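Comments concern the structure below.
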Amino acid sequence: MSEFRIRPARAADVREIQSLLEPFVQRRILLGKDLVVLYEAVQQFVVAEDESGSLIGCGALHVMWEDLGEVRTLIVEDEWLHHGVGRGIVEALEVNARTLGLSRLFCLTFETEFFGRRGFTEIGEQVVDPDVYSQLVRSPDEGVAEFLDLAHVKPNTLGNTRMLKRL
């Protein structure tokens, strides 16, 4: 395998991010995102690119509350699995989280071993206090609804594990 680098995503990367995402949507591993949603969230993403400049992975950090963020849309091309790409993306997102003053990172994942090696642990449902919950429940964001484990998103979260890391 050749080398890769991790960098902040640019608007010009969005269509390639969507191309990375699509096979995982087809396999029902990740939720699909409209192009406009990806453009609106491009500043949340970091990307991994190979020596030729092709994207081989991506991940996003979504701020949920004053101390809490979520690792979202973590994707690594199959041929780049087990080469440190996912680890590099998560480490870059953790740096971004610390820069933003976050102290906890959440993820909803099938990849419990991967996140466990990064210091995430499985959690129950009560991650925020009732006052914060009452504010978060107002969010139109589906990822926040998944975090809160609201009934209308349960079909999206079946089989996923809720994990948390303290930074």
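Residues in the structure tokens are named by chain (A, B, ... in the order shown) and by number from 1 within that chain; ligands are numbered from 1 in the order shown.
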*So which bits of range 3-157 of chain A end up strand (DSSP E) when you DSSP the backbone, as an MDAnalysis selection string?*
chainID A and resid 4:8 45:50 55:65 68:76 104:109 121:122
Need the shell around range 35-48 of chain A: protein/DNA/RNA residues with any atom at most 7 Å away, counting only C-alpha atoms. Skip same-chain ones fewer than 5 positions apart. Format as a short mmCIF file (atom, residue, chain, number, x, y, z; two decimals) with N, CA, C and O atoms, in the first residue's frame?
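Output (around-v8.cif):
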data_model
loop_
_atom_site.label_atom_id
_atom_site.label_comp_id
_atom_site.auth_asym_id
_atom_site.auth_seq_id
_atom_site.Cartn_x
_atom_site.Cartn_y
_atom_site.Cartn_z
N PHE A 4 -0.79 7.62 2.63
CA PHE A 4 -2.01 8.42 2.59
C PHE A 4 -1.82 9.60 3.52
O PHE A 4 -0.92 9.61 4.35
N ARG A 5 -2.69 10.59 3.36
CA ARG A 5 -2.67 11.72 4.29
C ARG A 5 -4.10 12.09 4.66
O ARG A 5 -5.04 11.82 3.90
N ILE A 6 -4.24 12.68 5.84
CA ILE A 6 -5.53 13.12 6.35
C ILE A 6 -5.53 14.64 6.28
O ILE A 6 -4.55 15.29 6.67
N ARG A 7 -6.63 15.21 5.80
CA ARG A 7 -6.73 16.67 5.71
C ARG A 7 -8.19 17.09 5.88
O ARG A 7 -9.09 16.26 5.72
N PRO A 8 -8.42 18.37 6.18
CA PRO A 8 -9.81 18.85 6.22
C PRO A 8 -10.45 18.71 4.84
O PRO A 8 -9.79 18.90 3.81
N ALA A 9 -11.72 18.38 4.83
CA ALA A 9 -12.45 18.27 3.56
C ALA A 9 -12.69 19.65 2.97
O ALA A 9 -12.75 20.66 3.69
N ARG A 10 -12.81 19.68 1.66
CA ARG A 10 -13.15 20.91 0.92
C ARG A 10 -14.46 20.67 0.18
O ARG A 10 -14.85 19.52 -0.06
N ALA A 11 -15.10 21.74 -0.21
CA ALA A 11 -16.36 21.62 -0.95
C ALA A 11 -16.17 20.76 -2.21
O ALA A 11 -17.05 19.99 -2.57
N VAL A 14 -16.99 16.93 -1.87
CA VAL A 14 -18.30 16.45 -1.46
C VAL A 14 -18.84 15.34 -2.36
O VAL A 14 -19.35 14.33 -1.88
N LEU A 55 -9.77 10.10 -2.86
CA LEU A 55 -10.25 9.90 -1.49
C LEU A 55 -10.39 8.40 -1.22
O LEU A 55 -10.95 7.66 -2.02
N ILE A 56 -9.85 7.99 -0.08
CA ILE A 56 -9.91 6.59 0.34
C ILE A 56 -10.65 6.44 1.66
O ILE A 56 -10.86 5.33 2.15
N GLY A 57 -11.07 7.56 2.25
CA GLY A 57 -11.81 7.51 3.50
C GLY A 57 -12.24 8.90 3.93
O GLY A 57 -11.77 9.91 3.40
N CYS A 58 -13.16 8.92 4.89
CA CYS A 58 -13.64 10.19 5.43
C CYS A 58 -14.28 9.95 6.79
O CYS A 58 -14.55 8.81 7.17
N GLY A 59 -14.50 11.01 7.49
CA GLY A 59 -15.21 10.96 8.76
C GLY A 59 -15.60 12.38 9.13
O GLY A 59 -14.99 13.35 8.66
N ALA A 60 -16.63 12.50 9.96
CA ALA A 60 -17.13 13.83 10.34
C ALA A 60 -17.26 13.91 11.86
O ALA A 60 -17.50 12.91 12.54
N LEU A 61 -17.10 15.11 12.36
CA LEU A 61 -17.33 15.42 13.76
C LEU A 61 -18.51 16.36 13.83
O LEU A 61 -18.45 17.48 13.31
N HIS A 62 -19.58 15.91 14.47
CA HIS A 62 -20.78 16.72 14.61
C HIS A 62 -20.90 17.13 16.07
O HIS A 62 -20.95 16.27 16.96
N VAL A 85 -5.86 3.94 8.20
CA VAL A 85 -6.65 5.06 7.67
C VAL A 85 -7.76 5.45 8.65
O VAL A 85 -7.91 6.62 9.00
N ILE A 89 -8.15 8.97 10.73
CA ILE A 89 -9.34 9.83 10.63
C ILE A 89 -9.88 10.11 12.03
O ILE A 89 -10.17 11.27 12.38
#
*How many Å lie between CA of Val90 in chain A and CA of Cys107 in chain A, rounded to one decimal?*
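Computing the Euclidean distance for CA of Val90 in chain A and CA of Cys107 in chain A yields 10.9 Å.
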*If you count only C-alpha atoms, which residues fall within 12 Å of Glu113 in chain A, apart from same-chain ones fewer than 5 positions away, as a ChimeraX atom specification?*
/A:118-122,161,163
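Across A:Val63, A:Leu167, A:Leu21, A:Ala12, the tightest approach to Asp141 in chain A is made by A:Val63 when counting only C-alpha atoms.
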_A:Gly84, A:Ile75, A:Leu68, A:Leu30 ranked by distance to Lys165 in chain A, top pick (using only C-alpha atoms)_ =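 Of the candidates, the smallest distance to Lys165 in chain A is held by A:Leu68.
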*Go through A:Glu49, A:Glu142, A:Asp129, A:Glu66 and flag the residue nearest Asp13 in chain A, using only C-alpha atoms for the distances.*
A:Glu49
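Atom pair CA of Gly116 in chain A / CA of Val25 in chain A has a distance of 23.5 Å (rounded to one decimal).
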*Out of A:Phe115, A:Phe110, A:Phe147, A:Trp80, which residue has the shortest atom-to-atom distance to Glu3 in chain A when counting only C-alpha atoms?*
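Closest candidate: A:Trp80.
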*Compile the contact shell of Leu108 in chain A as a PyMOL selection string: residues with an atom at most 9 Å away, counting only C-alpha atoms, same-chain residues fewer than 4 positions apart removed.*
chain A and resi 70-72+146-147+157+160-164
Grab the residues selected above and save them as an mmCIF file, in the first residue's frame with all heavy atoms.
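Dumped to selection-v1.cif:
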data_model
loop_
_atom_site.group_PDB
_atom_site.id
_atom_site.type_symbol
_atom_site.label_atom_id
_atom_site.label_comp_id
_atom_site.auth_asym_id
_atom_site.auth_seq_id
_atom_site.Cartn_x
_atom_site.Cartn_y
_atom_site.Cartn_z
ATOM 1 N N GLU A 70 -20.142 13.912 18.065
ATOM 2 C CA GLU A 70 -20.353 12.582 17.514
ATOM 3 C C GLU A 70 -19.434 12.351 16.327
ATOM 4 O O GLU A 70 -19.304 13.207 15.450
ATOM 5 C CB GLU A 70 -21.803 12.415 17.049
ATOM 6 C CG GLU A 70 -22.071 11.036 16.471
ATOM 7 C CD GLU A 70 -23.478 10.866 15.918
ATOM 8 O OE1 GLU A 70 -24.237 11.850 15.848
ATOM 9 O OE2 GLU A 70 -23.817 9.724 15.549
ATOM 10 N N VAL A 71 -18.803 11.195 16.289
ATOM 11 C CA VAL A 71 -18.065 10.756 15.109
ATOM 12 C C VAL A 71 -19.102 10.160 14.169
ATOM 13 O O VAL A 71 -19.831 9.234 14.532
ATOM 14 C CB VAL A 71 -16.998 9.700 15.462
ATOM 15 C CG1 VAL A 71 -16.356 9.145 14.196
ATOM 16 C CG2 VAL A 71 -15.950 10.301 16.388
ATOM 17 N N ARG A 72 -19.183 10.727 12.969
ATOM 18 C CA ARG A 72 -20.177 10.315 11.975
ATOM 19 C C ARG A 72 -19.518 9.978 10.653
ATOM 20 O O ARG A 72 -18.451 10.475 10.324
ATOM 21 C CB ARG A 72 -21.151 11.468 11.678
ATOM 22 C CG ARG A 72 -22.101 11.789 12.764
ATOM 23 C CD ARG A 72 -23.073 12.840 12.279
ATOM 24 N NE ARG A 72 -24.097 13.080 13.282
ATOM 25 C CZ ARG A 72 -25.071 13.944 13.137
ATOM 26 N NH1 ARG A 72 -25.164 14.665 12.035
ATOM 27 N NH2 ARG A 72 -25.958 14.096 14.088
ATOM 28 N N GLU A 146 -30.955 9.617 16.730
ATOM 29 C CA GLU A 146 -30.350 8.307 16.955
ATOM 30 C C GLU A 146 -29.605 8.287 18.287
ATOM 31 O O GLU A 146 -29.680 7.314 19.034
ATOM 32 C CB GLU A 146 -29.406 7.952 15.805
ATOM 33 C CG GLU A 146 -30.131 7.665 14.518
ATOM 34 C CD GLU A 146 -29.199 7.492 13.334
ATOM 35 O OE1 GLU A 146 -27.991 7.816 13.451
ATOM 36 O OE2 GLU A 146 -29.676 7.038 12.290
ATOM 37 N N PHE A 147 -28.873 9.352 18.577
ATOM 38 C CA PHE A 147 -28.163 9.457 19.845
ATOM 39 C C PHE A 147 -29.128 9.340 21.017
ATOM 40 O O PHE A 147 -28.863 8.639 21.996
ATOM 41 C CB PHE A 147 -27.409 10.795 19.901
ATOM 42 C CG PHE A 147 -26.868 11.131 21.259
ATOM 43 C CD1 PHE A 147 -25.748 10.484 21.762
ATOM 44 C CD2 PHE A 147 -27.479 12.101 22.028
ATOM 45 C CE1 PHE A 147 -25.246 10.798 23.012
ATOM 46 C CE2 PHE A 147 -26.977 12.423 23.288
ATOM 47 C CZ PHE A 147 -25.867 11.767 23.778
ATOM 48 N N THR A 157 -31.150 2.146 13.686
ATOM 49 C CA THR A 157 -30.103 1.858 14.659
ATOM 50 C C THR A 157 -30.031 0.388 15.054
ATOM 51 O O THR A 157 -29.178 0.023 15.852
ATOM 52 C CB THR A 157 -30.319 2.710 15.932
ATOM 53 O OG1 THR A 157 -31.565 2.365 16.526
ATOM 54 C CG2 THR A 157 -30.289 4.192 15.617
ATOM 55 N N ASN A 160 -26.732 -1.625 15.886
ATOM 56 C CA ASN A 160 -25.657 -0.702 16.202
ATOM 57 C C ASN A 160 -25.437 -0.654 17.713
ATOM 58 O O ASN A 160 -26.351 -0.902 18.496
ATOM 59 C CB ASN A 160 -25.994 0.714 15.722
ATOM 60 C CG ASN A 160 -25.705 0.917 14.265
ATOM 61 O OD1 ASN A 160 -24.557 1.051 13.879
ATOM 62 N ND2 ASN A 160 -26.745 0.944 13.450
ATOM 63 N N THR A 161 -24.240 -0.297 18.099
ATOM 64 C CA THR A 161 -23.887 -0.153 19.505
ATOM 65 C C THR A 161 -23.566 1.301 19.781
ATOM 66 O O THR A 161 -22.858 1.946 19.002
ATOM 67 C CB THR A 161 -22.666 -1.043 19.840
ATOM 68 O OG1 THR A 161 -23.011 -2.399 19.548
ATOM 69 C CG2 THR A 161 -22.265 -0.907 21.297
ATOM 70 N N ARG A 162 -24.062 1.790 20.892
ATOM 71 C CA ARG A 162 -23.800 3.164 21.324
ATOM 72 C C ARG A 162 -22.516 3.156 22.142
ATOM 73 O O ARG A 162 -22.394 2.395 23.095
ATOM 74 C CB ARG A 162 -24.974 3.668 22.156
ATOM 75 C CG ARG A 162 -26.294 3.656 21.398
ATOM 76 C CD ARG A 162 -27.507 3.593 22.302
ATOM 77 N NE ARG A 162 -27.581 4.681 23.231
ATOM 78 C CZ ARG A 162 -28.014 5.919 22.935
ATOM 79 N NH1 ARG A 162 -28.429 6.181 21.708
ATOM 80 N NH2 ARG A 162 -28.037 6.862 23.839
ATOM 81 N N MET A 163 -21.544 3.995 21.749
ATOM 82 C CA MET A 163 -20.249 4.021 22.424
ATOM 83 C C MET A 163 -19.852 5.459 22.728
ATOM 84 O O MET A 163 -20.267 6.381 22.018
ATOM 85 C CB MET A 163 -19.185 3.335 21.559
ATOM 86 C CG MET A 163 -19.507 1.879 21.262
ATOM 87 S SD MET A 163 -18.201 1.023 20.344
ATOM 88 C CE MET A 163 -17.074 0.628 21.693
ATOM 89 N N LEU A 164 -19.038 5.624 23.759
ATOM 90 C CA LEU A 164 -18.621 6.946 24.195
ATOM 91 C C LEU A 164 -17.166 6.924 24.598
ATOM 92 O O LEU A 164 -16.666 5.930 25.135
ATOM 93 C CB LEU A 164 -19.475 7.382 25.398
ATOM 94 C CG LEU A 164 -19.354 8.847 25.830
ATOM 95 C CD1 LEU A 164 -20.100 9.747 24.835
ATOM 96 C CD2 LEU A 164 -19.916 9.039 27.222
#
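You will find CA of Leu136 in chain A at 26.0 Å from CA of Glu91 in chain A.
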